[in-house]
Amino acid sequence: MDTIINQTQEVKEVKENKDETTSTEVKDTTNTTNTQPEEPKGEPISKYVKSEVANQLIEMGYSKNVAEKACFFNNNIVEKAIEWCYEHQDDPDFEKEERIASEAEKP
């Protein structure tokens, strides 16, 4: 028999088949992490991107993050940036903001 109660603690009771012994496992699942979002590290790539090129991509329906990444990775060449968007649209981090790590943040 398995019983799981999920509140502040999770209690799991397991009965063994032959010897009918019972063991109880208690696991604390309280979320003690900081609820405030962590400040992004590094500097934004915005200052390395030509805004007029990024704005062309934004007018096509891409987000600011995607438009800036596409421009940044493709030397602000709009045709290559559009191609990059098409090729990478299924990437899990496609919409994620790209930042440049400072010297102090590098491993």
# chains A, B, ... in the order shown; residues from 1 in each chain; ligands from 1
>>> residues_around(residues="A:Glu68", least_positions_apart="3", cutoff="9 Å", atoms="only C-alpha atoms", output="list in words")
Ile45, Ser46, Tyr48, Val49, Lys50, Ser51, Val53, Ala54, Asn55, Leu57, Ser63, Lys64, Asn65, Cys71, Phe72, Phe73, Asn76, Glu97 and Glu98 of chain A
>>> atom_distance(atom1="atom CA of A:Glu59", atom2="atom CA of A:Ala101")
28.7 Å
>>> residues_around(residues="A:Lys41", least_positions_apart="4", cutoff="10 Å", atoms="only C-alpha atoms", output="list in words")
Arg99, Ile100, Ala101, Ser102 and Glu105 of chain A
